[in-house]
Amino acid sequence: MNVKGYLKFLQKRFVFMNFAKIMIDINRVYKPQGSDTMKILLAPSETKKSTGNTNFEIGSLLFDSLAPQRSKLLHRYINIIQKGDLQELSKMFGLKKESDIIKHKRDIVHELTMKAIERYTGVAFDYLDYPQLDQKSQNYIDTHVILFSNLFGPIRADDLIPEYRLKQGESVGDIKVDKFYHEHSADLLEEFLLDEEILDLRASFYDKVYKPNKSYTTLKFLKEDKVVSHWAKAYRGIVLREIAKAGVENIEAFMKLPIEGLQIQEIQTRKNKTEIIYEIE
């Protein structure tokens, strides 16, 4: 073999070995942990669709044992709305225009509901485009996704909720909501997810409510080696859409799922958190 041919041989061998190393890392990191199911954690959106078709039942939400705490928070929320202090409402809603504030001055307990996954309308939900998915993919999302409502705490994707407005990180009166739901729901979530693999697609803020004690996986999106924010929301929706269409049931299967426009650049594991770093092509 001449020098030129030998160099080509080494180049091919390097590519193969690099690919093999990535696959070894994937198999090592994502070795099945006795679970053949997966739950996906997803952040909510401050913007929401209006209307609905079913009466609200607070006891029907995920973790019926949380109903007393949810009722306490909701009662405080309604009291602030009824008091009508525009400055306080502006802060709680995260809105400045009086007409926008007045629009949300409603007794939401008596408002009609729709599925939480359909209620939210932010970037991730636009790219997920739940209404356009087939029934099988919608059923997958209904049973695999847990949303972290700023008002109702952890809920299932198909839990029925009314339209409401609460800015991320804002308190409801004297109740600091993230701390409130961490205190009352973190242990419930830990038990609920005990035998599940976890893919966490939330913004980091929601770690304040619940951060898994067991192994879990998150995603990071880079464009030209820079972390993106707006497009990260879009690609969370895209990733969830592809997962639902494929019916993925564990992280190992997710790792084998091709997602158009994304290329795995690196996988990092620190303690119980594994982060898949994608480069946006």
# chains A, B, ... in the order shown; residues from 1 in each chain; ligands from 1
call {"tool": "select_by_dssp", "arguments": {"residues": "range 110-241 of chain A", "states": "strand (DSSP E or B)", "output": "ChimeraX atom specification"}}
result
/A:113-115,120,145-149,153-156,160-162,172,175,197-200,216-223,226-227
call {"tool": "write_last_selection", "arguments": {"atoms": "N, CA and C atoms", "output": "CSV table (one decimal), in the first residue's frame"}}
result
chain,number,residue,atom,x,y,z
A,113,THR,N,-62.7,24.4,30.3
A,113,THR,CA,-61.4,23.8,30.3
A,113,THR,C,-61.1,23.2,28.9
A,114,MET,N,-59.8,23.0,28.7
A,114,MET,CA,-59.3,22.1,27.6
A,114,MET,C,-58.0,21.4,28.0
A,115,LYS,N,-57.6,20.5,27.3
A,115,LYS,CA,-56.3,19.8,27.6
A,115,LYS,C,-55.2,20.8,27.8
A,120,TYR,N,-51.7,25.6,26.1
A,120,TYR,CA,-50.5,26.5,26.0
A,120,TYR,C,-50.2,26.7,24.5
A,145,VAL,N,-46.2,12.9,28.9
A,145,VAL,CA,-45.7,14.3,29.2
A,145,VAL,C,-46.3,14.8,30.5
A,146,ILE,N,-45.4,15.4,31.3
A,146,ILE,CA,-45.8,16.1,32.5
A,146,ILE,C,-45.4,17.6,32.3
A,147,LEU,N,-46.4,18.4,32.5
A,147,LEU,CA,-46.2,19.9,32.4
A,147,LEU,C,-46.1,20.5,33.7
A,148,PHE,N,-45.4,21.6,33.8
A,148,PHE,CA,-45.2,22.3,35.1
A,148,PHE,C,-45.9,23.6,35.1
A,149,SER,N,-47.2,23.6,35.4
A,149,SER,CA,-48.0,24.8,35.4
A,149,SER,C,-47.5,25.7,36.5
A,153,GLY,N,-49.1,23.6,39.3
A,153,GLY,CA,-48.0,22.7,39.6
A,153,GLY,C,-47.9,21.6,38.5
A,154,PRO,N,-47.4,20.4,38.9
A,154,PRO,CA,-47.2,19.3,37.9
A,154,PRO,C,-48.5,18.7,37.5
A,155,ILE,N,-48.8,18.7,36.2
A,155,ILE,CA,-50.0,18.2,35.6
A,155,ILE,C,-49.7,17.3,34.4
A,156,ARG,N,-50.6,16.4,34.1
A,156,ARG,CA,-50.5,15.6,32.9
A,156,ARG,C,-50.8,16.4,31.7
A,160,LEU,N,-57.3,18.7,32.3
A,160,LEU,CA,-58.2,19.8,31.8
A,160,LEU,C,-58.1,21.0,32.7
A,161,ILE,N,-57.6,22.1,32.1
A,161,ILE,CA,-57.4,23.3,32.9
A,161,ILE,C,-58.0,24.5,32.2
A,162,PRO,N,-58.4,25.5,33.0
A,162,PRO,CA,-59.0,26.7,32.4
A,162,PRO,C,-57.9,27.7,31.9
A,172,VAL,N,-48.0,34.6,44.3
A,172,VAL,CA,-49.4,34.8,44.4
A,172,VAL,C,-49.7,35.3,45.8
A,175,ILE,N,-47.6,33.8,48.7
A,175,ILE,CA,-47.1,32.4,48.3
A,175,ILE,C,-46.1,32.5,47.2
A,197,GLU,N,-37.7,6.3,33.1
A,197,GLU,CA,-36.6,7.1,32.6
A,197,GLU,C,-37.2,8.5,32.4
A,198,ILE,N,-36.3,9.5,32.5
A,198,ILE,CA,-36.8,10.9,32.5
A,198,ILE,C,-36.0,11.7,31.4
A,199,LEU,N,-36.8,12.3,30.5
A,199,LEU,CA,-36.2,13.3,29.6
A,199,LEU,C,-36.8,14.6,30.0
A,200,ASP,N,-35.9,15.5,30.4
A,200,ASP,CA,-36.3,16.8,30.9
A,200,ASP,C,-36.1,17.9,29.9
A,216,TYR,N,-31.3,11.4,35.0
A,216,TYR,CA,-32.2,12.0,34.0
A,216,TYR,C,-31.4,12.6,32.9
A,217,THR,N,-32.1,12.9,31.8
A,217,THR,CA,-31.4,13.4,30.6
A,217,THR,C,-32.0,14.8,30.2
A,218,THR,N,-31.1,15.7,29.8
A,218,THR,CA,-31.5,17.0,29.3
A,218,THR,C,-30.9,17.2,27.9
A,219,LEU,N,-31.3,18.3,27.3
A,219,LEU,CA,-30.8,18.7,26.0
A,219,LEU,C,-30.3,20.1,26.0
A,220,LYS,N,-29.2,20.3,25.2
A,220,LYS,CA,-28.7,21.7,24.9
A,220,LYS,C,-28.6,21.8,23.4
A,221,PHE,N,-28.9,23.0,22.9
A,221,PHE,CA,-28.8,23.3,21.5
A,221,PHE,C,-27.8,24.4,21.2
A,222,LEU,N,-26.9,24.1,20.3
A,222,LEU,CA,-25.9,25.1,19.9
A,222,LEU,C,-26.0,25.4,18.4
A,223,LYS,N,-25.7,26.7,18.1
A,223,LYS,CA,-25.7,27.1,16.7
A,223,LYS,C,-24.3,27.8,16.5
A,226,LYS,N,-22.6,28.3,19.8
A,226,LYS,CA,-23.2,29.2,20.8
A,226,LYS,C,-24.6,28.7,21.2
A,227,VAL,N,-24.8,28.8,22.5
A,227,VAL,CA,-26.1,28.3,23.1
A,227,VAL,C,-27.2,29.2,22.6
call {"tool": "select_by_dssp", "arguments": {"residues": "range 79-161 of chain A", "states": "alpha helix (DSSP H)", "output": "mmCIF file with C-alpha atoms, in the first residue's frame"}}
result
data_model
loop_
_atom_site.group_PDB
_atom_site.id
_atom_site.type_symbol
_atom_site.label_atom_id
_atom_site.label_comp_id
_atom_site.auth_asym_id
_atom_site.auth_seq_id
_atom_site.Cartn_x
_atom_site.Cartn_y
_atom_site.Cartn_z
ATOM 1 C CA ASN A 79 -58.945 36.941 45.900
ATOM 2 C CA ILE A 80 -56.236 39.088 44.310
ATOM 3 C CA ILE A 81 -58.218 39.227 41.066
ATOM 4 C CA GLN A 82 -61.407 40.219 42.906
ATOM 5 C CA LYS A 83 -59.569 42.933 44.855
ATOM 6 C CA LEU A 86 -54.148 46.911 38.846
ATOM 7 C CA GLN A 87 -50.561 47.341 40.041
ATOM 8 C CA GLU A 88 -50.621 44.013 41.872
ATOM 9 C CA LEU A 89 -52.342 42.296 38.952
ATOM 10 C CA SER A 90 -49.840 43.783 36.491
ATOM 11 C CA LYS A 91 -46.996 42.215 38.457
ATOM 12 C CA MET A 92 -48.718 38.854 38.926
ATOM 13 C CA PHE A 93 -49.791 38.598 35.286
ATOM 14 C CA GLU A 98 -54.725 47.899 31.424
ATOM 15 C CA SER A 99 -56.897 46.299 28.727
ATOM 16 C CA ASP A 100 -54.730 43.147 28.796
ATOM 17 C CA ILE A 101 -54.891 43.008 32.591
ATOM 18 C CA ILE A 102 -58.677 43.391 32.661
ATOM 19 C CA LYS A 103 -59.011 40.557 30.120
ATOM 20 C CA ALA A 116 -53.244 21.499 29.074
ATOM 21 C CA ILE A 117 -51.153 20.492 26.051
ATOM 22 C CA GLU A 118 -53.651 22.331 23.826
ATOM 23 C CA ARG A 119 -54.118 25.273 26.185
ATOM 24 C CA VAL A 123 -42.953 28.556 20.728
ATOM 25 C CA ALA A 124 -42.401 24.947 21.817
ATOM 26 C CA PHE A 125 -46.142 24.214 21.542
ATOM 27 C CA ASP A 126 -46.352 25.844 18.121
ATOM 28 C CA TYR A 127 -43.594 23.559 16.824
ATOM 29 C CA LEU A 128 -45.067 20.515 18.555
ATOM 30 C CA GLN A 135 -54.405 10.002 17.317
ATOM 31 C CA LYS A 136 -51.642 7.571 18.262
ATOM 32 C CA SER A 137 -49.076 10.374 18.628
ATOM 33 C CA GLN A 138 -51.521 12.493 20.621
ATOM 34 C CA ASN A 139 -52.209 9.550 22.945
ATOM 35 C CA TYR A 140 -48.456 9.167 23.435
ATOM 36 C CA ILE A 141 -48.128 12.797 24.538
ATOM 37 C CA ASP A 142 -51.203 12.545 26.768
ATOM 38 C CA THR A 143 -49.663 9.627 28.677
ATOM 39 C CA HIS A 144 -45.949 10.512 28.632
#
call {"tool": "closest_residue", "arguments": {"among": "A:Tyr164, A:Tyr278, A:Tyr210, A:Phe180", "to": "Tyr235 in chain A", "atoms": "only C-alpha atoms"}}
result
A:Tyr278
call {"tool": "closest_residue", "arguments": {"among": "A:Phe56, A:Phe205, A:Tyr77, A:Phe152", "to": "Gly173 in chain A", "atoms": "only C-alpha atoms"}}
result
A:Tyr77
call {"tool": "residues_around", "arguments": {"residues": "Lys271 in chain A", "least_positions_apart": "6", "cutoff": "12 Å", "atoms": "only C-alpha atoms", "output": "ChimeraX atom specification"}}
result
/A:29,212-217
call {"tool": "atom_distance", "arguments": {"atom1": "CA of Lys208 in chain A", "atom2": "CA of Leu188 in chain A"}}
result
14.9 Å
